[in-house]
Amino acid sequence: DELQLLRYSRIQAKVGAALKVDAAACVALCEQWLVVGLASGEVLVVDTHGLELARWRPHGRPVNSISVDTAGQYIATCSDDGNVSIRKAPATTDTRDDTGGSPSNETLETISYHQALNCISLDPSYGTKRDKVFIAGGRAGQLVLNKKNWFGQKDEVLHESEGAITAIAWLNSLVAWSNDRGVKIMDTETLERITFVERPAGAQDAPGCRCQLFWETETSLLIGWAGVVQLLEVCEVPRAGGGGGGGGSEGTRRCAQISHVW
């Protein structure tokens, strides 16, 4: 296949200055800004020109994961300190204050867990739903769904006891996560298990190179295991007995299969 060439430009300004005294641990990109989680536990948000929009320190250890809801209204982070931190996204460059950043008094919500956390994913509709939901996972091997509403806040363990949770990807109702054994997909509305993809035999995690998950479309999941990339396709098939229920249309169920490996 023909090699695809990409055009890029370097982001300087505040990002360059921050990385002279700290190290980037993880990043998340939105249409209007970039979120950088630093090894110091600080979070930096800059626009596409590198101008600082916000900076805060929610963690005492390196930031391991960043999640932004689809509307770009909320930012969540997690860390080895066992905390999930959630706050509203900063204003754009057109509405910044005179100091060059967003106001520092934004409400910061912190939820503490008794485990080092590797990954966090906000409900894609977190900013628009009344019930505020996120899913987090860590070294203790528990995948935890947290739901907050008018009646309080509650944790539900969706999965456990198969090794550390290393990555989470959530799109619409489907959430995928990885652990030591492989990748699983669940429908968060029905709690129906869709599939399990075993970890490739030849894919061993290099230091600092854990499994990566990305929903390319509503039914296509990219899975990266070290030097192996898999494309997983979710589809509907007839349900045994023709009964309804589950996550698919009446008389069908959802399943998934690997369509490409490279």
# chains A, B, ... in the order shown; residues from 1 in each chain; ligands from 1
call {"tool": "residues_around", "arguments": {"residues": "stretch 30-44 of chain A", "least_positions_apart": "6", "cutoff": "7 Å", "atoms": "only C-alpha atoms", "output": "PyMOL selection string"}}
result
chain A and resi 22-24+54-63
call {"tool": "write_last_selection", "arguments": {"atoms": "N, CA, C and O atoms", "output": "compact mmCIF listing (two decimals), in the first residue's frame"}}
result
# COMPACT_ATOMS: atom_id res chain seq x y z
N ASP A 22 9.05 19.35 33.36
CA ASP A 22 8.20 18.22 33.69
C ASP A 22 8.16 17.27 32.50
O ASP A 22 8.76 17.56 31.46
N ALA A 23 7.47 16.15 32.63
CA ALA A 23 7.37 15.18 31.54
C ALA A 23 5.90 14.88 31.27
O ALA A 23 5.09 14.79 32.21
N ALA A 24 5.56 14.74 29.99
CA ALA A 24 4.19 14.38 29.61
C ALA A 24 3.97 12.90 29.89
O ALA A 24 4.74 12.05 29.46
N ALA A 54 -5.86 26.49 30.83
CA ALA A 54 -6.05 26.14 32.24
C ALA A 54 -4.91 25.25 32.69
O ALA A 54 -4.27 24.56 31.89
N ARG A 55 -4.68 25.27 34.00
CA ARG A 55 -3.66 24.41 34.61
C ARG A 55 -4.09 24.15 36.05
O ARG A 55 -4.46 25.07 36.77
N TRP A 56 -4.06 22.91 36.47
CA TRP A 56 -4.38 22.56 37.85
C TRP A 56 -3.67 21.26 38.22
O TRP A 56 -3.20 20.53 37.37
N ARG A 57 -3.56 21.01 39.52
CA ARG A 57 -2.85 19.82 40.00
C ARG A 57 -3.82 18.95 40.81
O ARG A 57 -3.97 19.10 42.02
N PRO A 58 -4.47 17.99 40.17
CA PRO A 58 -5.45 17.15 40.87
C PRO A 58 -4.83 15.92 41.53
O PRO A 58 -5.50 15.24 42.30
N HIS A 59 -3.57 15.61 41.21
CA HIS A 59 -2.98 14.35 41.68
C HIS A 59 -1.60 14.57 42.29
O HIS A 59 -0.88 15.53 41.94
N GLY A 60 -1.23 13.66 43.18
CA GLY A 60 0.09 13.69 43.77
C GLY A 60 1.06 12.74 43.09
O GLY A 60 2.23 12.66 43.49
N ARG A 61 0.60 12.01 42.09
CA ARG A 61 1.41 11.09 41.32
C ARG A 61 1.17 11.37 39.83
O ARG A 61 0.27 12.12 39.46
N PRO A 62 1.95 10.76 38.93
CA PRO A 62 1.75 11.01 37.50
C PRO A 62 0.33 10.72 37.03
O PRO A 62 -0.33 9.79 37.52
N VAL A 63 -0.15 11.52 36.11
CA VAL A 63 -1.48 11.33 35.52
C VAL A 63 -1.40 10.14 34.55
O VAL A 63 -0.60 10.15 33.62
call {"tool": "closest_residue", "arguments": {"among": "A:Thr77, A:Gln115, A:Ser178, A:Thr190", "to": "A:Gln212", "atoms": "only C-alpha atoms"}}
result
A:Ser178
call {"tool": "select_by_dssp", "arguments": {"residues": "stretch 48-247 of chain A", "states": "strand (DSSP E or B)", "output": "NGL selection string"}}
result
:A and (52-56 or 63-68 or 74-79 or 83-88 or 108-112 or 117-122 or 132-138 or 143-149 or 152-159 or 167-171 or 174-178 or 182-187 or 193-198 or 206 or 209 or 212-215 or 220-225 or 228-238)
call {"tool": "residues_around", "arguments": {"residues": "A:Thr110", "least_positions_apart": "6", "cutoff": "9 Å", "atoms": "only C-alpha atoms", "output": "compact mmCIF listing (two decimals) with N, CA and C atoms, in the first residue's frame"}}
result
# COMPACT_ATOMS: atom_id res chain seq x y z
N PRO A 58 -4.47 17.99 40.17
CA PRO A 58 -5.45 17.15 40.87
C PRO A 58 -4.83 15.92 41.53
N ASN A 83 -7.04 8.36 42.87
CA ASN A 83 -8.11 9.35 42.74
C ASN A 83 -8.57 9.53 41.30
N VAL A 84 -9.88 9.70 41.15
CA VAL A 84 -10.47 10.18 39.90
C VAL A 84 -10.83 11.64 40.12
N SER A 85 -10.41 12.50 39.20
CA SER A 85 -10.67 13.93 39.31
C SER A 85 -11.47 14.38 38.09
N ILE A 86 -12.56 15.13 38.32
CA ILE A 86 -13.43 15.59 37.24
C ILE A 86 -13.69 17.08 37.43
N ARG A 87 -13.56 17.83 36.35
CA ARG A 87 -13.89 19.25 36.38
C ARG A 87 -14.39 19.69 35.02
